[in-house]
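Next comes coords-v1.txt, with compact mmCIF, C-alpha atoms.
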```txt
# COMPACT_ATOMS: atom_id res chain seq x y z
CA MET A 1 109.54 14.11 222.01
CA ASP A 2 109.45 12.08 218.79
CA THR A 3 108.45 8.43 218.90
CA GLU A 4 108.26 5.71 216.31
CA TYR A 5 106.93 2.18 216.24
CA ILE A 6 109.02 -0.88 215.46
CA LEU A 7 107.00 -4.11 215.19
CA GLY A 8 104.16 -2.25 216.89
CA ILE A 9 106.28 -1.23 219.88
CA LYS A 10 106.83 2.42 220.76
CA VAL A 11 110.46 3.55 220.77
CA SER A 12 111.50 7.00 221.96
CA ASN A 13 113.90 9.08 219.91
CA LEU A 14 115.62 10.96 222.72
CA THR A 15 118.94 11.62 224.42
CA LEU A 16 120.04 11.12 228.01
CA GLU A 17 119.76 14.89 228.45
CA ASP A 18 116.10 14.69 227.38
CA VAL A 19 115.43 11.92 229.89
CA CYS A 20 117.13 13.70 232.79
CA ARG A 21 115.25 16.90 232.04
CA ASP A 22 111.96 15.00 232.17
CA VAL A 23 113.00 13.23 235.38
CA ILE A 24 113.65 16.56 237.09
CA PHE A 25 110.27 17.85 235.92
CA ALA A 26 108.46 14.69 237.07
CA VAL A 27 109.97 14.75 240.55
CA LYS A 28 109.41 18.46 241.09
CA ASN A 29 105.81 18.24 239.84
CA ASN A 30 104.99 14.89 241.47
CA GLN A 31 104.24 13.18 238.17
CA LYS A 32 104.80 9.52 237.31
CA LEU A 33 107.46 8.62 234.75
CA PHE A 34 108.15 5.06 233.57
CA ILE A 35 111.38 4.36 231.66
CA ALA A 36 111.80 1.04 229.85
CA SER A 37 114.46 -0.25 227.44
CA ILE A 38 113.72 -1.68 224.01
CA ASN A 39 116.02 -4.26 222.44
CA PRO A 40 115.41 -7.14 220.01
CA GLU A 41 114.86 -9.60 222.84
CA ILE A 42 112.07 -7.71 224.63
CA SER A 43 110.63 -6.75 221.23
CA MET A 44 110.24 -10.39 220.26
CA VAL A 45 108.56 -11.11 223.59
CA ALA A 46 106.16 -8.22 222.99
CA VAL A 47 105.36 -9.46 219.47
CA GLU A 48 104.10 -12.70 221.03
CA ASP A 49 102.69 -11.30 224.28
CA ASP A 50 100.04 -8.58 224.07
CA GLU A 51 100.33 -7.83 227.80
CA VAL A 52 104.03 -7.01 227.48
CA LYS A 53 103.39 -4.94 224.35
CA LYS A 54 100.66 -2.95 226.12
CA ILE A 55 102.93 -2.30 229.12
CA LEU A 56 105.77 -1.09 226.90
CA ASN A 57 103.49 1.12 224.83
CA ASN A 58 102.16 2.69 228.03
CA ALA A 59 105.66 3.51 229.32
CA THR A 60 106.64 7.18 229.26
CA HIS A 61 110.00 6.61 227.58
CA ASN A 62 111.24 3.51 225.76
CA LEU A 63 114.99 3.79 225.32
CA PRO A 64 116.47 2.41 222.07
CA ASP A 65 118.76 0.08 224.02
CA GLY A 66 120.38 -2.19 221.48
CA ILE A 67 122.12 -1.71 218.16
CA GLY A 68 119.46 -3.95 216.62
CA VAL A 69 116.81 -1.33 217.41
CA VAL A 70 118.91 1.42 215.82
CA MET A 71 119.36 -0.77 212.72
CA ALA A 72 115.63 -1.46 212.62
CA SER A 73 114.86 2.26 212.71
CA ARG A 74 117.19 2.81 209.76
CA ILE A 75 115.60 -0.04 207.82
CA LEU A 76 112.17 1.50 208.43
CA LYS A 77 113.48 5.00 207.60
CA GLY A 78 112.93 6.18 211.17
CA GLY A 79 114.78 8.89 213.02
CA ILE A 80 116.67 7.01 215.74
CA LYS A 81 120.37 7.69 215.24
CA GLN A 82 121.99 6.28 218.37
CA ARG A 83 121.61 3.68 221.06
CA VAL A 84 120.68 4.88 224.56
CA ALA A 85 121.72 2.10 226.92
CA GLY A 86 119.59 1.49 229.99
CA ILE A 87 122.64 1.28 232.23
CA ASP A 88 123.86 4.67 230.98
CA CYS A 89 120.43 6.10 231.74
CA ALA A 90 120.46 4.59 235.25
CA GLU A 91 123.82 6.19 235.94
CA ALA A 92 122.64 9.51 234.49
CA LEU A 93 119.63 9.38 236.82
CA CYS A 94 121.97 8.84 239.79
CA LYS A 95 124.02 11.86 238.74
CA THR A 96 120.84 13.89 238.31
CA ALA A 97 119.67 12.77 241.76
CA GLN A 98 123.00 13.82 243.27
CA GLN A 99 122.80 17.26 241.67
CA ASN A 100 119.16 17.83 242.66
CA ASN A 101 119.11 16.14 246.06
CA PHE A 102 116.63 13.48 244.93
CA ASN A 103 116.28 10.15 246.77
CA VAL A 104 117.07 6.88 244.96
CA PHE A 105 115.97 3.34 245.84
CA LEU A 106 117.56 0.17 244.40
CA TYR A 107 115.21 -2.81 244.05
CA GLY A 108 116.26 -6.16 242.62
CA ALA A 109 119.20 -8.44 241.78
CA LYS A 110 120.66 -11.18 243.98
CA LYS A 111 121.26 -10.81 247.70
CA GLY A 112 124.08 -8.40 248.47
CA VAL A 113 124.36 -7.03 244.93
CA ALA A 114 122.23 -3.92 245.42
CA GLU A 115 124.08 -3.12 248.66
CA LYS A 116 127.43 -3.22 246.86
CA ALA A 117 126.00 -1.24 243.96
CA LYS A 118 124.86 1.40 246.46
CA GLU A 119 128.32 1.57 247.99
CA ASN A 120 130.06 2.01 244.64
CA LEU A 121 127.56 4.54 243.30
CA GLN A 122 127.89 6.68 246.41
CA LYS A 123 131.66 6.60 246.06
CA LYS A 124 131.36 7.77 242.47
CA TYR A 125 128.71 10.39 243.24
CA PRO A 126 129.46 11.76 246.73
CA GLY A 127 126.32 12.94 248.46
CA LEU A 128 124.03 10.72 246.37
CA ASN A 129 121.02 9.80 248.52
CA ILE A 130 120.41 6.09 248.04
CA VAL A 131 117.77 5.74 250.71
CA GLY A 132 117.11 2.01 250.52
CA VAL A 133 117.84 -1.32 248.86
CA ILE A 134 115.98 -4.60 248.69
CA ASP A 135 116.94 -7.71 246.72
CA GLY A 136 114.82 -9.28 244.01
CA TYR A 137 114.06 -12.39 246.06
CA GLU A 138 111.72 -10.72 248.55
CA GLU A 139 108.39 -12.52 248.01
CA ASP A 140 106.21 -10.15 250.04
CA ASN A 141 105.31 -7.43 247.54
CA GLU A 142 103.52 -5.37 250.18
CA LYS A 143 106.74 -5.32 252.17
CA VAL A 144 108.61 -4.06 249.11
CA ILE A 145 106.09 -1.26 248.56
CA GLU A 146 106.09 -0.32 252.24
CA LYS A 147 109.88 -0.15 252.36
CA ILE A 148 110.10 2.03 249.25
CA ASN A 149 107.38 4.35 250.50
CA SER A 150 108.89 4.69 253.97
CA SER A 151 112.23 5.62 252.37
CA LYS A 152 110.64 8.64 250.64
CA ALA A 153 112.35 7.69 247.37
CA ASN A 154 111.86 9.82 244.27
CA ILE A 155 113.54 7.44 241.81
CA VAL A 156 113.26 3.64 241.89
CA LEU A 157 115.67 1.56 239.80
CA VAL A 158 114.16 -1.90 239.28
CA ALA A 159 116.45 -4.82 238.42
CA LEU A 160 114.19 -7.87 238.20
CA GLY A 161 115.10 -9.02 234.71
CA GLY A 162 113.24 -8.80 231.42
CA GLN A 163 109.41 -8.79 231.53
CA LYS A 164 109.23 -9.18 235.31
CA GLN A 165 110.56 -5.68 235.97
CA GLU A 166 108.27 -4.09 233.38
CA LYS A 167 105.26 -5.92 234.81
CA TRP A 168 106.18 -4.96 238.38
CA ILE A 169 106.41 -1.28 237.55
CA SER A 170 103.19 -1.31 235.53
CA LYS A 171 101.30 -3.03 238.35
CA ASN A 172 102.77 -1.14 241.31
CA MET A 173 103.85 2.36 240.26
CA ASP A 174 100.54 3.88 241.36
CA LYS A 175 100.92 2.24 244.80
CA VAL A 176 104.42 3.63 245.27
CA ASN A 177 104.90 7.27 246.19
CA ALA A 178 108.06 7.69 244.10
CA GLN A 179 107.77 9.60 240.83
CA VAL A 180 110.31 7.90 238.53
CA PHE A 181 110.71 4.20 237.77
CA GLN A 182 113.31 2.65 235.48
CA CYS A 183 113.84 -0.95 234.35
CA VAL A 184 117.59 -1.50 234.66
CA GLY A 185 118.09 -5.22 233.98
CA GLY A 186 121.56 -6.34 235.04
CA SER A 187 122.86 -2.85 235.82
CA PHE A 188 123.31 -3.56 239.54
CA ASP A 189 125.73 -6.37 238.69
CA VAL A 190 127.87 -3.85 236.81
CA PHE A 191 127.56 -1.14 239.46
CA SER A 192 128.52 -3.67 242.15
CA GLY A 193 131.60 -4.80 240.22
CA ASN A 194 130.33 -8.35 239.73
CA SER A 195 130.21 -7.85 235.96
CA LYS A 196 132.17 -5.66 233.57
CA ARG A 197 130.89 -3.70 230.60
CA ALA A 198 132.57 -3.86 227.24
CA PRO A 199 135.38 -1.33 226.61
CA LYS A 200 134.19 2.08 225.41
CA ILE A 201 135.40 1.45 221.86
CA VAL A 202 133.32 -1.75 221.70
CA GLN A 203 130.28 0.14 222.98
CA LYS A 204 130.74 2.86 220.34
CA LEU A 205 131.00 0.23 217.60
CA GLY A 206 127.67 -1.22 218.71
CA ALA A 207 129.24 -4.58 219.54
CA GLU A 208 128.56 -4.69 223.28
CA TRP A 209 126.11 -7.52 222.67
CA LEU A 210 128.94 -9.60 221.17
CA PHE A 211 131.24 -8.83 224.11
CA ARG A 212 128.56 -9.99 226.54
CA LEU A 213 127.90 -13.12 224.50
CA ILE A 214 131.59 -14.07 224.60
CA LYS A 215 131.70 -13.44 228.35
CA GLU A 216 128.38 -15.21 228.95
CA PRO A 217 127.80 -17.98 226.36
CA SER A 218 124.54 -18.83 228.12
CA ARG A 219 123.09 -15.71 226.48
CA PHE A 220 123.22 -17.40 223.06
CA ARG A 221 119.55 -18.43 223.08
CA ARG A 222 118.53 -14.86 223.86
CA GLN A 223 120.80 -13.36 221.19
CA ALA A 224 119.49 -15.88 218.67
CA LYS A 225 116.31 -13.80 218.53
CA ILE A 226 118.12 -10.94 216.79
CA PRO A 227 118.02 -12.47 213.24
CA LYS A 228 114.28 -13.18 213.61
CA PHE A 229 113.77 -9.61 214.84
CA ILE A 230 115.56 -8.16 211.80
CA HIS A 231 113.62 -10.51 209.50
CA LEU A 232 110.32 -9.22 210.89
CA VAL A 233 111.53 -5.63 210.50
CA PHE A 234 112.23 -6.21 206.79
CA GLN A 235 108.75 -7.73 206.47
CA GLU A 236 107.30 -4.63 208.10
CA ARG A 237 109.20 -2.44 205.63
CA LYS A 238 107.75 -4.41 202.71
CA ILE A 239 104.24 -3.90 204.06
CA LYS A 240 104.81 -0.16 204.53
CA ASN A 241 106.26 0.17 201.03
CA ARG A 242 103.28 -1.69 199.59
CA GLN A 243 100.87 0.58 201.44
CA ALA A 244 102.76 3.66 200.30
CA ARG A 245 102.48 2.58 196.64
CA LYS A 246 98.73 2.09 197.00
CA THR A 247 98.27 5.65 198.26
CA ARG A 248 100.14 7.25 195.37
```
Before anything else, please render the file you have as structure tokens.
Amino acid sequence: MDTEYILGIKVSNLTLEDVCRDVIFAVKNNQKLFIASINPEISMVAVEDDEVKKILNNATHNLPDGIGVVMASRILKGGIKQRVAGIDCAEALCKTAQQNNFNVFLYGAKKGVAEKAKENLQKKYPGLNIVGVIDGYEEDNEKVIEKINSSKANIVLVALGGQKQEKWISKNMDKVNAQVFQCVGGSFDVFSGNSKRAPKIVQKLGAEWLFRLIKEPSRFRRQAKIPKFIHLVFQERKIKNRQARKTR
């Protein structure tokens, strides 16, 4: 699998098919696999927080989740051609679990959301084994670990929000018997029907971020990081070009 670095953060150049293949291998061979999503927002956090950067760079796969990341790769003459949304990956993992009889656990979101997400996912993928749910407000971490382990889950989808979910997986994945862990952000809200994704045409145009901003104006402060992200990417390109000239 090819990887590249954008602002010092590893980004994986892969497809959903690549991810699902690796998930099947990890489960069948009892290996740990950590899937995170990279977008301008988490990138800017990582630029300022070495702990977050280290966690992301230690993840197995970092999905290019965000048109800003695809643009950055192009600016830096990288190889990433398309966005791989975290929510699409989460759904692909559920389909893979259904087809391979793997067990899935949903951890996170507000009370009742994961339960509804479970209901809807099992309607969409009949026979899908969602073996447990627990909301993101459970304060006893040992209880969370015990419940996941007792469920015999293979795949854990973690919806605790940016930074918190990455830190939870990094800290606890070796204590949990499951093989695959994915940060899924607000995916449970969509799976439960509480939120709606942008129409397919908007997703293909790379404007899902704008759709979400219109629907949720409170996201403005988070989206405001995109221009700074792109500015830093252009600075990185200048540095690389300067270094390239020196080596000629």
Could you produce a table of the residues of segment 134-184 of chain A lying within 12 Å of segment 31-46 of chain A, with the nearest pair of atoms per residue and their separation in Å rounded to one decimal, using all atoms listed in the file, ordered by chain and increasing residue number, as a Markdown table?
```
| residue | atom | partner | partner_atom | distance |
| --- | --- | --- | --- | --- |
| A:Asn154 | CA | A:Lys32 | CA | 9.9 |
| A:Ile155 | CA | A:Leu33 | CA | 9.4 |
| A:Val156 | CA | A:Phe34 | CA | 9.9 |
| A:Leu157 | CA | A:Ile35 | CA | 9.6 |
| A:Val158 | CA | A:Ala36 | CA | 10.2 |
| A:Ala159 | CA | A:Ala36 | CA | 11.4 |
| A:Gly161 | CA | A:Ile42 | CA | 10.6 |
| A:Gly162 | CA | A:Ile42 | CA | 7.0 |
| A:Gln163 | CA | A:Ile42 | CA | 7.5 |
| A:Lys164 | CA | A:Ile42 | CA | 11.1 |
| A:Gln165 | CA | A:Ala36 | CA | 9.2 |
| A:Glu166 | CA | A:Ala36 | CA | 7.2 |
| A:Lys167 | CA | A:Ala36 | CA | 10.8 |
| A:Trp168 | CA | A:Phe34 | CA | 11.3 |
| A:Ile169 | CA | A:Phe34 | CA | 7.7 |
| A:Ser170 | CA | A:Phe34 | CA | 8.3 |
| A:Lys171 | CA | A:Phe34 | CA | 11.6 |
| A:Asn172 | CA | A:Phe34 | CA | 11.3 |
| A:Met173 | CA | A:Lys32 | CA | 7.8 |
| A:Asp174 | CA | A:Lys32 | CA | 8.1 |
| A:Lys175 | CA | A:Lys32 | CA | 11.1 |
| A:Val176 | CA | A:Lys32 | CA | 9.9 |
| A:Asn177 | CA | A:Lys32 | CA | 9.2 |
| A:Ala178 | CA | A:Lys32 | CA | 7.8 |
| A:Gln179 | CA | A:Lys32 | CA | 4.6 |
| A:Val180 | CA | A:Leu33 | CA | 4.8 |
| A:Phe181 | CA | A:Phe34 | CA | 5.0 |
| A:Gln182 | CA | A:Ile35 | CA | 4.6 |
| A:Cys183 | CA | A:Ala36 | CA | 5.3 |
| A:Val184 | CA | A:Ala36 | CA | 7.9 |
```
One number please: atom CA of Ser187 of chain A to atom CA of Tyr5 of chain A, in Å, one decimal. 25.7 Å
For Ala85 of chain A: contacts at 9 Å, all atoms listed in the file, fewer than 2 positions along chain excluded, given as a list in words: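 Skipping anything fewer than 2 positions along the chain leaves Ser37, Leu63, Pro64, Asp65, Gly66, Arg83, Ile87, Asp88, Cys89 and Ala90 of chain A.
Atom CA of Thr60 of chain A is positioned 12.6 Å from atom CA of Ile9 of chain A.
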Have a look at A:Thr15, A:Asn100, A:Ser150, A:Ser192 and name the one nearest to Gln122 of chain A; count only C-alpha atoms.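 Going through A:Thr15, A:Asn100, A:Ser150, A:Ser192 one by one, the smallest distance to Gln122 of chain A is for A:Ser192.
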Nearest to Glu115 of chain A by atom-to-atom distance, counting all atoms listed in the file, from A:Ile148, A:Ile130, A:Leu7, A:Leu76: A:Ile130
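Using all atoms listed in the file, the nearest neighbour of His61 of chain A within the list A:Lys225, A:Lys10, A:Arg21, A:His231 is A:Lys10.
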Straight-line distance linking atom CA of Tyr125 of chain A with atom CA of Asn194 of chain A, stated in Å to one decimal: 19.1 Å
A:Ala92, A:Leu160, A:Ile67, A:Ala97 ranked by distance to Gly127 of chain A, top pick (using all atoms listed in the file): A:Ala97
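Distances here use only C-alpha atoms; by that measure, the residue among A:Gly108, A:Ile75, A:Val11, A:Asp2 closest to Gln235 of chain A is A:Ile75.
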From the list A:Tyr107, A:Asp22, A:Asp49, A:Leu232, which residue is nearest Asn141 of chain A when using all atoms listed in the file?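 Checking each of A:Tyr107, A:Asp22, A:Asp49, A:Leu232 against Asn141 of chain A, counting all atoms listed in the file, the winner is A:Tyr107.
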Nearby residues (all atoms listed in the file) at most 7 Å from Lys111 of chain A, same-chain spacing under 2 positions excluded, as a ChimeraX atom specification: /A:109,113,135
Using only C-alpha atoms, which protein or nucleic acid residues come within 10 Å of Asn13 of chain A? Drop anything in the same chain fewer than 5 positions from it, and give the result as a PyMOL selection string. chain A and resi 1-4+18+61-64+73+78-84
